[in-house]
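What follows is entry24.txt (compact mmCIF, C-alpha atoms).
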```
# COMPACT_ATOMS: atom_id res chain seq x y z
CA MET A 1 35.72 59.37 55.84
CA SER A 2 35.91 58.03 52.29
CA GLU A 3 33.32 58.72 49.67
CA GLU A 4 32.20 56.33 46.99
CA PRO A 5 32.51 57.50 43.40
CA GLU A 6 29.17 58.30 41.87
CA ASN A 7 27.62 55.67 39.60
CA SER A 8 30.37 53.16 40.39
CA GLY A 9 27.97 50.29 39.64
CA GLY A 10 27.11 51.78 36.25
CA GLU A 11 30.77 52.29 35.43
CA SER A 12 31.55 48.69 36.37
CA THR A 13 28.84 47.59 33.94
CA LEU A 14 30.30 49.80 31.20
CA THR A 15 33.78 48.41 31.86
CA VAL A 16 32.53 44.81 31.66
CA LEU A 17 30.40 45.39 28.55
CA LEU A 18 33.27 47.06 26.73
CA ALA A 19 35.65 44.25 27.68
CA GLY A 20 33.12 41.60 26.64
CA GLY A 21 32.52 43.09 23.21
CA VAL A 22 36.24 43.56 22.59
CA ASN A 23 37.09 40.02 23.68
CA LEU A 24 34.40 38.45 21.49
CA ALA A 25 35.66 40.28 18.40
CA ILE A 26 39.25 39.37 19.19
CA ALA A 27 38.40 35.71 19.84
CA ILE A 28 36.85 35.39 16.39
CA MET A 29 39.85 37.02 14.69
CA LYS A 30 42.37 34.89 16.55
CA LEU A 31 40.44 31.68 15.93
CA VAL A 32 40.29 32.31 12.18
CA ALA A 33 44.01 33.15 12.07
CA GLY A 34 44.88 30.15 14.24
CA ILE A 35 42.94 27.74 12.02
CA ILE A 36 44.51 29.14 8.85
CA THR A 37 48.10 29.14 10.14
CA GLY A 38 47.90 26.24 12.60
CA SER A 39 49.86 28.33 15.11
CA GLY A 40 49.65 26.93 18.65
CA ALA A 41 50.34 30.38 20.11
CA MET A 42 47.52 31.91 18.05
CA LEU A 43 45.09 29.16 19.03
CA SER A 44 46.12 29.63 22.66
CA GLU A 45 45.39 33.32 22.33
CA ALA A 46 42.00 32.47 20.80
CA ALA A 47 41.25 30.27 23.82
CA HIS A 48 42.41 33.13 26.04
CA SER A 49 39.93 35.53 24.42
CA VAL A 50 37.11 32.97 24.55
CA ALA A 51 37.78 32.53 28.28
CA ASP A 52 37.78 36.30 28.75
CA THR A 53 34.47 36.62 26.89
CA PHE A 54 32.91 33.96 29.10
CA THR A 55 34.37 35.77 32.10
CA GLU A 56 32.61 39.01 31.13
CA ALA A 57 29.31 37.14 30.85
CA LEU A 58 29.80 35.84 34.39
CA LEU A 59 30.68 39.33 35.62
CA LEU A 60 27.54 40.78 34.07
CA THR A 61 25.55 38.08 35.84
CA ALA A 62 27.31 39.05 39.07
CA LEU A 63 26.49 42.74 38.66
CA LYS A 64 22.82 42.08 37.89
CA ARG A 65 22.08 39.47 40.56
CA SER A 66 23.96 41.20 43.36
CA ASP A 67 21.82 44.34 43.04
CA ARG A 68 18.60 42.59 44.06
CA PRO A 69 17.03 44.05 47.23
CA ALA A 70 16.93 42.19 50.53
CA ASP A 71 13.99 39.85 51.14
CA ARG A 72 12.74 37.41 53.75
CA VAL A 73 15.07 34.62 52.64
CA HIS A 74 18.12 36.89 52.35
CA PRO A 75 17.58 39.71 54.86
CA PHE A 76 21.06 41.14 54.24
CA GLY A 77 20.57 41.23 50.48
CA TYR A 78 22.37 39.49 47.64
CA GLY A 79 25.60 41.49 47.62
CA LYS A 80 27.85 38.45 48.02
CA GLU A 81 26.51 36.95 44.79
CA ARG A 82 28.91 39.31 43.04
CA TYR A 83 31.79 37.50 44.72
CA PHE A 84 30.42 34.04 43.86
CA TRP A 85 30.04 34.73 40.14
CA SER A 86 33.38 36.53 40.06
CA LEU A 87 34.98 33.45 41.62
CA LEU A 88 33.47 31.35 38.83
CA ALA A 89 34.92 33.84 36.36
CA ALA A 90 38.39 33.24 37.81
CA VAL A 91 37.86 29.48 37.54
CA SER A 92 36.80 29.85 33.90
CA ILE A 93 40.00 31.73 33.08
CA PHE A 94 42.01 28.78 34.38
CA ALA A 95 39.82 25.95 33.06
CA SER A 96 39.10 27.18 29.54
CA GLY A 97 42.05 29.47 28.87
CA SER A 98 45.07 28.30 30.80
CA MET A 99 44.56 24.55 30.36
CA PHE A 100 43.99 24.83 26.61
CA ALA A 101 47.05 27.03 26.16
CA LEU A 102 49.22 24.61 28.14
CA TYR A 103 47.86 21.69 26.10
CA GLU A 104 48.61 23.47 22.82
CA GLY A 105 52.11 24.33 23.99
CA VAL A 106 52.97 20.79 25.10
CA SER A 107 51.49 19.33 21.90
CA THR A 108 53.57 21.67 19.76
CA LEU A 109 56.80 20.99 21.69
CA PHE A 110 56.39 17.22 21.44
CA GLY A 111 55.39 17.25 17.79
CA HIS A 112 51.73 16.36 18.16
CA GLY A 113 50.33 19.69 17.00
CA GLU A 114 48.93 20.70 13.65
CA ALA A 115 51.23 21.65 10.79
CA GLN A 116 52.00 25.34 11.08
CA SER A 117 52.64 28.18 8.71
CA THR A 118 53.43 31.82 9.31
CA SER A 119 51.69 34.60 7.41
CA ILE A 120 51.14 38.30 7.61
CA LEU A 121 47.63 37.48 8.80
CA SER A 122 48.95 36.44 12.22
CA TYR A 123 50.76 39.74 12.74
CA LEU A 124 47.77 41.79 11.55
CA VAL A 125 45.42 39.97 13.91
CA LEU A 126 47.80 40.39 16.85
CA ALA A 127 48.20 44.10 16.13
CA ALA A 128 44.44 44.65 15.84
CA ALA A 129 43.87 42.65 19.02
CA PHE A 130 46.45 44.73 20.87
CA LEU A 131 44.65 47.95 19.92
CA LEU A 132 41.25 46.60 20.93
CA GLU A 133 42.51 45.11 24.21
CA GLY A 134 44.26 48.39 24.91
CA THR A 135 40.93 50.24 24.64
CA SER A 136 39.33 47.94 27.22
CA TRP A 137 42.42 48.12 29.44
CA VAL A 138 42.39 51.94 29.41
CA GLN A 139 38.74 51.96 30.56
CA ALA A 140 39.53 49.56 33.43
CA VAL A 141 42.55 51.65 34.48
CA ARG A 142 40.53 54.88 34.35
CA GLN A 143 37.81 53.44 36.57
CA THR A 144 40.31 52.07 39.07
CA ARG A 145 42.26 55.33 39.22
CA ARG A 146 39.10 57.40 39.63
CA GLU A 147 37.80 55.22 42.44
CA SER A 148 41.18 55.00 44.18
CA LYS A 149 41.45 58.79 44.08
CA ALA A 150 37.96 59.12 45.56
CA GLU A 151 39.11 56.97 48.49
CA ASN A 152 42.44 58.80 48.84
CA ARG A 153 44.40 55.61 48.18
CA SER A 154 47.21 54.68 45.88
CA PHE A 155 46.32 52.67 42.79
CA TRP A 156 47.81 49.44 44.16
CA ALA A 157 46.47 49.89 47.69
CA TYR A 158 42.99 50.35 46.26
CA LEU A 159 43.31 47.17 44.18
CA ARG A 160 44.35 45.26 47.28
CA LEU A 161 41.33 46.45 49.29
CA ILE A 162 38.73 46.72 46.52
CA ASP A 163 35.29 45.29 47.31
CA ASP A 164 34.06 45.28 43.70
CA PRO A 165 35.76 42.42 41.83
CA ALA A 166 34.44 43.44 38.40
CA PRO A 167 36.93 46.22 37.50
CA LYS A 168 39.80 44.29 39.09
CA THR A 169 38.94 41.19 37.05
CA VAL A 170 38.75 43.18 33.81
CA LEU A 171 41.99 45.01 34.59
CA PHE A 172 43.89 41.82 35.38
CA GLU A 173 42.60 39.84 32.40
CA ASP A 174 43.20 42.74 29.99
CA SER A 175 46.73 43.19 31.36
CA ALA A 176 47.33 39.47 30.88
CA ALA A 177 45.88 39.71 27.38
CA LEU A 178 48.27 42.50 26.39
CA VAL A 179 51.26 40.58 27.76
CA GLY A 180 49.98 37.41 26.08
CA LEU A 181 49.76 39.17 22.73
CA VAL A 182 53.38 40.29 23.01
CA VAL A 183 54.40 36.73 23.91
CA ALA A 184 52.42 35.31 20.98
CA PHE A 185 54.01 37.86 18.62
CA ALA A 186 57.47 36.87 19.86
CA GLY A 187 56.70 33.16 19.53
CA ILE A 188 55.40 33.48 15.98
CA GLY A 189 58.24 35.80 14.99
CA LEU A 190 60.94 33.46 16.37
CA HIS A 191 59.25 30.53 14.67
CA GLN A 192 59.45 32.39 11.37
CA LEU A 193 63.08 33.41 11.89
CA THR A 194 64.37 30.04 13.07
CA GLY A 195 61.97 27.66 11.40
CA SER A 196 61.56 25.88 14.73
CA GLU A 197 58.09 25.26 16.14
CA VAL A 198 59.61 25.13 19.63
CA TRP A 199 59.22 28.88 20.01
CA ASP A 200 55.53 28.70 19.18
CA GLY A 201 55.08 25.97 21.79
CA VAL A 202 57.02 27.89 24.40
CA ALA A 203 54.86 30.95 23.76
CA SER A 204 51.72 28.86 24.30
CA ILE A 205 53.05 27.52 27.59
CA VAL A 206 53.97 31.01 28.80
CA ILE A 207 50.46 32.22 27.93
CA GLY A 208 48.98 29.28 29.84
CA LEU A 209 51.09 29.98 32.91
CA LEU A 210 50.22 33.69 32.72
CA LEU A 211 46.50 32.88 32.72
CA ALA A 212 46.96 30.46 35.61
CA CYS A 213 48.61 33.23 37.67
CA VAL A 214 45.79 35.68 36.91
CA ALA A 215 43.17 33.05 37.79
CA TYR A 216 44.93 32.35 41.10
CA LEU A 217 45.14 36.05 42.06
CA LEU A 218 41.49 36.70 41.23
CA GLY A 219 40.38 33.49 42.93
CA ARG A 220 42.24 34.43 46.10
CA THR A 221 40.60 37.88 46.12
CA ASN A 222 37.09 36.51 45.73
CA ARG A 223 37.69 33.72 48.23
CA GLY A 224 38.52 36.32 50.88
CA LEU A 225 35.43 38.36 50.02
CA LEU A 226 33.17 35.30 50.11
CA ILE A 227 34.50 34.16 53.47
CA GLY A 228 33.71 37.57 54.92
CA ARG A 229 36.49 40.14 54.91
CA GLN A 230 36.77 43.07 57.28
CA ALA A 231 35.75 46.46 55.93
CA ASN A 232 38.22 49.04 54.66
CA PRO A 233 40.60 49.90 57.56
CA GLU A 234 39.70 53.59 57.23
CA ILE A 235 36.04 52.76 57.82
CA VAL A 236 36.92 50.53 60.78
CA ARG A 237 39.00 53.30 62.39
CA GLY A 238 36.36 55.91 61.65
CA VAL A 239 33.56 53.81 63.16
CA ARG A 240 35.69 53.06 66.24
CA ASP A 241 36.52 56.74 66.73
CA HIS A 242 32.88 57.74 66.27
CA LEU A 243 31.77 55.22 68.87
CA SER A 244 34.49 56.26 71.31
CA ALA A 245 33.44 59.91 70.98
CA ALA A 246 29.77 59.23 71.77
CA PRO A 247 28.98 60.79 75.20
CA GLU A 248 26.91 57.78 76.28
CA ILE A 249 29.72 55.26 75.65
CA ASP A 250 32.43 54.64 78.22
CA ALA A 251 34.37 52.06 76.21
CA VAL A 252 34.29 50.18 72.90
CA VAL A 253 34.66 46.57 73.99
CA ASP A 254 34.43 44.84 70.61
CA LEU A 255 34.05 45.96 66.99
CA GLN A 256 33.41 43.62 64.08
CA THR A 257 32.83 44.59 60.47
CA MET A 258 32.19 42.52 57.38
CA LEU A 259 31.74 43.24 53.69
CA MET A 260 28.25 42.08 52.72
CA GLY A 261 28.74 43.12 49.12
CA THR A 262 30.11 46.00 47.08
CA ASP A 263 29.62 49.22 49.10
CA GLN A 264 27.79 47.26 51.82
CA VAL A 265 29.33 46.98 55.28
CA LEU A 266 27.86 45.30 58.34
CA VAL A 267 28.93 46.77 61.70
CA CYS A 268 28.50 44.81 64.92
CA THR A 269 29.83 46.40 68.09
CA ARG A 270 29.75 45.71 71.81
CA VAL A 271 30.09 48.79 73.97
CA ASP A 272 30.08 49.63 77.67
CA PHE A 273 27.50 52.39 78.16
CA ASP A 274 27.45 54.91 80.98
CA ASP A 275 25.85 53.10 83.92
CA SER A 276 23.75 56.14 84.77
CA LEU A 277 21.70 55.76 81.58
CA GLY A 278 18.16 54.45 81.87
CA ALA A 279 16.62 51.89 79.52
CA ALA A 280 14.92 54.56 77.41
CA ASP A 281 18.11 56.62 77.19
CA LEU A 282 20.01 53.52 76.11
CA GLU A 283 17.50 52.75 73.36
CA ARG A 284 17.57 56.29 72.02
CA ALA A 285 21.38 56.32 72.09
CA CYS A 286 21.58 53.09 70.08
CA VAL A 287 19.16 54.41 67.45
CA ARG A 288 20.96 57.75 67.18
CA ILE A 289 24.46 56.28 66.98
CA ALA A 290 23.40 53.74 64.32
CA ALA A 291 21.85 56.54 62.24
CA GLU A 292 24.99 58.65 62.60
CA LEU A 293 27.18 55.80 61.40
CA THR A 294 25.10 55.07 58.30
CA GLU A 295 25.00 58.79 57.50
CA SER A 296 28.71 59.41 58.09
CA PHE A 297 29.96 56.31 56.24
CA ASN A 298 28.27 55.66 52.91
CA ASP A 299 29.28 51.99 52.86
CA VAL A 300 27.79 51.19 56.29
CA THR A 301 24.33 49.71 55.67
CA GLU A 302 23.62 47.71 58.85
CA VAL A 303 24.58 48.53 62.45
CA PHE A 304 24.07 46.36 65.53
CA ILE A 305 24.99 47.71 68.97
CA GLU A 306 25.09 45.45 72.01
CA PRO A 307 25.54 46.84 75.56
CA VAL A 308 28.04 44.79 77.57
CA PRO A 309 30.23 45.27 80.66
CA ARG A 310 33.87 45.85 79.74
CA THR A 311 35.02 43.74 82.69
CA ASP A 312 33.45 40.46 81.52
CA PRO A 313 36.41 38.02 81.47
CA ASP A 314 35.08 35.69 78.76
CA LEU A 315 34.28 38.52 76.38
CA ARG A 316 37.62 40.15 77.06
CA ALA A 317 39.44 36.89 76.29
CA THR A 318 37.51 36.49 73.03
CA VAL A 319 38.35 40.02 71.87
CA LEU A 320 42.02 39.68 72.79
CA ALA A 321 42.23 36.35 70.96
CA ARG A 322 40.83 38.00 67.80
CA TYR A 323 42.64 41.35 67.83
CA GLY A 324 45.53 40.93 70.27
CA ASP A 325 46.87 44.02 71.99
CA VAL A 326 45.22 46.23 69.35
CA ALA A 327 42.00 45.90 71.36
CA GLU A 328 43.80 47.22 74.45
CA ARG A 329 44.64 50.44 72.59
CA TRP A 330 41.07 51.15 71.48
CA ASN A 331 40.23 52.90 74.70
CA ASN A 332 43.79 53.66 75.79
CA PRO A 333 45.31 55.43 72.77
CA ALA A 334 48.14 56.93 74.82
```

Turn this file's structure into structure tokens for me.
Amino acid sequence: MSEEPENSGGESTLTVLLAGGVNLAIAIMKLVAGIITGSGAMLSEAAHSVADTFTEALLLTALKRSDRPADRVHPFGYGKERYFWSLLAAVSIFASGSMFALYEGVSTLFGHGEAQSTSILSYLVLAAAFLLEGTSWVQAVRQTRRESKAENRSFWAYLRLIDDPAPKTVLFEDSAALVGLVVAFAGIGLHQLTGSEVWDGVASIVIGLLLACVAYLLGRTNRGLLIGRQANPEIVRGVRDHLSAAPEIDAVVDLQTMLMGTDQVLVCTRVDFDDSLGAADLERACVRIAAELTESFNDVTEVFIEPVPRTDPDLRATVLARYGDVAERWNNPA
């Protein structure tokens, strides 16, 4: 059984707030330097930071709105709002950051950009931005490492299965920002050494492509969460084993799980109960097993148990079509 790190929601908020404040300060510095020098790479980096700032605002909206309690209209709560706003954040990275950077790069390469000059100001701004971005990046890495350790997973495995898009978004965009700053530094430096604006344009295009890749990765993650992804495999196995061990259950016929939000898992299972049980015994068993699951697995918030015969051909065909021969091994582990 995995345990959730304490105050993970509060730490996500801290991570997002820190990243938002850092990105706003950096955006202003880069914009001033870009206007003074006319550097396409610097202006692309300014657009990058503006996009990141807007992204943090969307993530804060996601964190706040997804914590609302369930009501009559949304009986399962608002957990998936976090995925919706995080998806918009990924779109904003592409629309406002990547597209502007690509435009600046193409304009510079084809001679339609502003006249450029190189000054010590550009290098100072990039160095200051690197230090500030590094602070935000360290916080995102610390949170991810702490939470991955709490779930006994490797850093990368945890990122792949994470159900809270906020720290992943901050980590990815800060990583892209640090790489982008190095690219911008190289582009400005080569422009100064060679006198050719081509390097500045190339740097802008690389930054644009980098942002597009980050937006795609984050968009893919949130798309899967919005559609309704299965819970952490450890939770699925643990729930299946718990059900199989219940004395009243002869066989687990079907088991479906879905992430309803961060740290919120819906469990729907069809089981074949012992035929000797009476109606009252069956009701008490369902209530007890559901309570045991929510107590044993912190993420499990809703449990639905349906009694079915394991020999029903239609149900069997449906389960096999979904899970293949894995379903056959649920009750025949040998």

- prompt: Distance CA of Lys30 in chain A-CA of Gly180 in chain A, one decimal place?
  reply: 12.5 Å

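Here CA of Ser196 in chain A and CA of Leu181 in chain A stand 19.5 Å from one another.
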
message: as a PyMOL selection string, please: the residues near Gly77 in chain A (cut-off 10 Å, all atoms listed in the file, same-chain neighbours under 6 positions excluded).
response: chain A and resi 66-71+260-261+264

What would the file look like if the residues just selected were written as a PDB file, in the coordinates of the input with C-alpha atoms?
```
ATOM      1  CA  SER A  66      23.960  41.200  43.360  1.00  0.00           C
ATOM      2  CA  ASP A  67      21.820  44.340  43.040  1.00  0.00           C
ATOM      3  CA  ARG A  68      18.600  42.590  44.060  1.00  0.00           C
ATOM      4  CA  PRO A  69      17.030  44.050  47.230  1.00  0.00           C
ATOM      5  CA  ALA A  70      16.930  42.190  50.530  1.00  0.00           C
ATOM      6  CA  ASP A  71      13.990  39.850  51.140  1.00  0.00           C
ATOM      7  CA  MET A 260      28.250  42.080  52.720  1.00  0.00           C
ATOM      8  CA  GLY A 261      28.740  43.120  49.120  1.00  0.00           C
ATOM      9  CA  GLN A 264      27.790  47.260  51.820  1.00  0.00           C
TER      10      GLN A 264
END
```

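Of the listed residues A:Met42, A:Ile249, A:Val303, A:Leu226, the one whose atoms come nearest to Val287 in chain A is A:Val303, with distances taken using all atoms listed in the file.
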
field: Neighbour list for Ala90 in chain A as a PyMOL selection string, cut-off 6 Å, only C-alpha atoms, skip fewer than 3 positions in-chain
entry: chain A and resi 87+93+215+218-219

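Taking CA of Leu217 in chain A and CA of Ala51 in chain A as endpoints, the distance between them is 16.0 Å.
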
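Nearest to Thr262 in chain A of all the residues A:Leu121, A:Val300, A:Ala25, A:Ala285 is A:Val300, based on only C-alpha atoms.
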
- request: Name all residues at most 12 Å from Glu234 in chain A (count all atoms listed in the file; drop same-chain ones fewer than 3 positions away) and give them as a ChimeraX atom specification.
  value: /A:1-3,151-153,158,161,230-231,237-241,257,297,299

Keeping only C-alpha atoms, write those residues as a CSV table (one decimal), keeping the file's coordinate frame.
```csv
chain,number,residue,atom,x,y,z
A,1,MET,CA,35.7,59.4,55.8
A,2,SER,CA,35.9,58.0,52.3
A,3,GLU,CA,33.3,58.7,49.7
A,151,GLU,CA,39.1,57.0,48.5
A,152,ASN,CA,42.4,58.8,48.8
A,153,ARG,CA,44.4,55.6,48.2
A,158,TYR,CA,43.0,50.4,46.3
A,161,LEU,CA,41.3,46.4,49.3
A,230,GLN,CA,36.8,43.1,57.3
A,231,ALA,CA,35.8,46.5,55.9
A,237,ARG,CA,39.0,53.3,62.4
A,238,GLY,CA,36.4,55.9,61.6
A,239,VAL,CA,33.6,53.8,63.2
A,240,ARG,CA,35.7,53.1,66.2
A,241,ASP,CA,36.5,56.7,66.7
A,257,THR,CA,32.8,44.6,60.5
A,297,PHE,CA,30.0,56.3,56.2
A,299,ASP,CA,29.3,52.0,52.9
```

Write a file for range 211-222 of chain A, containing all heavy atoms (output as a short mmCIF file (atom, residue, chain, number, x, y, z; two decimals), in the first residue's frame).
```cif
data_model
loop_
_atom_site.label_atom_id
_atom_site.label_comp_id
_atom_site.auth_asym_id
_atom_site.auth_seq_id
_atom_site.Cartn_x
_atom_site.Cartn_y
_atom_site.Cartn_z
N LEU A 211 9.57 24.54 -26.50
CA LEU A 211 8.30 24.81 -25.85
C LEU A 211 7.18 23.96 -26.45
O LEU A 211 6.27 23.51 -25.73
CB LEU A 211 7.95 26.29 -25.97
CG LEU A 211 8.80 27.25 -25.12
CD1 LEU A 211 8.44 28.70 -25.44
CD2 LEU A 211 8.61 26.97 -23.65
N ALA A 212 7.23 23.76 -27.75
CA ALA A 212 6.21 22.93 -28.41
C ALA A 212 6.27 21.50 -27.88
O ALA A 212 5.23 20.86 -27.65
CB ALA A 212 6.41 22.95 -29.92
N CYS A 213 7.48 20.97 -27.67
CA CYS A 213 7.64 19.61 -27.14
C CYS A 213 7.09 19.52 -25.72
O CYS A 213 6.38 18.55 -25.38
CB CYS A 213 9.11 19.21 -27.16
SG CYS A 213 9.79 18.91 -28.80
N VAL A 214 7.40 20.51 -24.89
CA VAL A 214 6.89 20.52 -23.51
C VAL A 214 5.37 20.58 -23.50
O VAL A 214 4.70 19.86 -22.75
CB VAL A 214 7.49 21.70 -22.72
CG1 VAL A 214 6.78 21.88 -21.38
CG2 VAL A 214 8.98 21.47 -22.49
N ALA A 215 4.81 21.45 -24.36
CA ALA A 215 3.35 21.58 -24.43
C ALA A 215 2.71 20.27 -24.85
O ALA A 215 1.67 19.87 -24.32
CB ALA A 215 2.97 22.69 -25.41
N TYR A 216 3.34 19.57 -25.80
CA TYR A 216 2.79 18.29 -26.26
C TYR A 216 2.81 17.24 -25.14
O TYR A 216 1.82 16.54 -24.91
CB TYR A 216 3.59 17.78 -27.44
CG TYR A 216 3.25 16.35 -27.82
CD1 TYR A 216 2.07 16.05 -28.48
CD2 TYR A 216 4.10 15.30 -27.47
CE1 TYR A 216 1.74 14.74 -28.81
CE2 TYR A 216 3.78 13.99 -27.79
CZ TYR A 216 2.60 13.72 -28.46
OH TYR A 216 2.30 12.42 -28.76
N LEU A 217 3.93 17.15 -24.42
CA LEU A 217 4.05 16.16 -23.35
C LEU A 217 3.03 16.42 -22.23
O LEU A 217 2.38 15.49 -21.73
CB LEU A 217 5.47 16.16 -22.78
CG LEU A 217 6.56 15.65 -23.72
CD1 LEU A 217 7.94 15.86 -23.10
CD2 LEU A 217 6.36 14.17 -24.04
N LEU A 218 2.89 17.69 -21.85
CA LEU A 218 1.94 18.02 -20.80
C LEU A 218 0.49 17.83 -21.28
O LEU A 218 -0.36 17.37 -20.53
CB LEU A 218 2.15 19.46 -20.33
CG LEU A 218 3.48 19.73 -19.61
CD1 LEU A 218 3.62 21.21 -19.30
CD2 LEU A 218 3.57 18.91 -18.32
N GLY A 219 0.24 18.19 -22.52
CA GLY A 219 -1.09 18.01 -23.08
C GLY A 219 -1.48 16.55 -23.13
O GLY A 219 -2.62 16.18 -22.83
N ARG A 220 -0.54 15.69 -23.51
CA ARG A 220 -0.81 14.26 -23.56
C ARG A 220 -1.12 13.71 -22.17
O ARG A 220 -2.04 12.89 -22.01
CB ARG A 220 0.38 13.52 -24.17
CG ARG A 220 0.15 12.03 -24.38
CD ARG A 220 1.34 11.38 -25.04
NE ARG A 220 2.52 11.43 -24.19
CZ ARG A 220 3.68 10.87 -24.53
NH1 ARG A 220 3.82 10.29 -25.71
NH2 ARG A 220 4.71 10.94 -23.70
N THR A 221 -0.37 14.16 -21.16
CA THR A 221 -0.62 13.71 -19.79
C THR A 221 -2.02 14.09 -19.33
O THR A 221 -2.77 13.25 -18.81
CB THR A 221 0.42 14.32 -18.83
OG1 THR A 221 1.71 13.83 -19.16
CG2 THR A 221 0.09 13.97 -17.38
N ASN A 222 -2.39 15.34 -19.53
CA ASN A 222 -3.70 15.81 -19.06
C ASN A 222 -4.84 15.25 -19.89
O ASN A 222 -5.95 15.06 -19.37
CB ASN A 222 -3.73 17.34 -19.06
CG ASN A 222 -2.90 17.93 -17.94
OD1 ASN A 222 -3.26 17.88 -16.78
ND2 ASN A 222 -1.74 18.49 -18.30
#
```
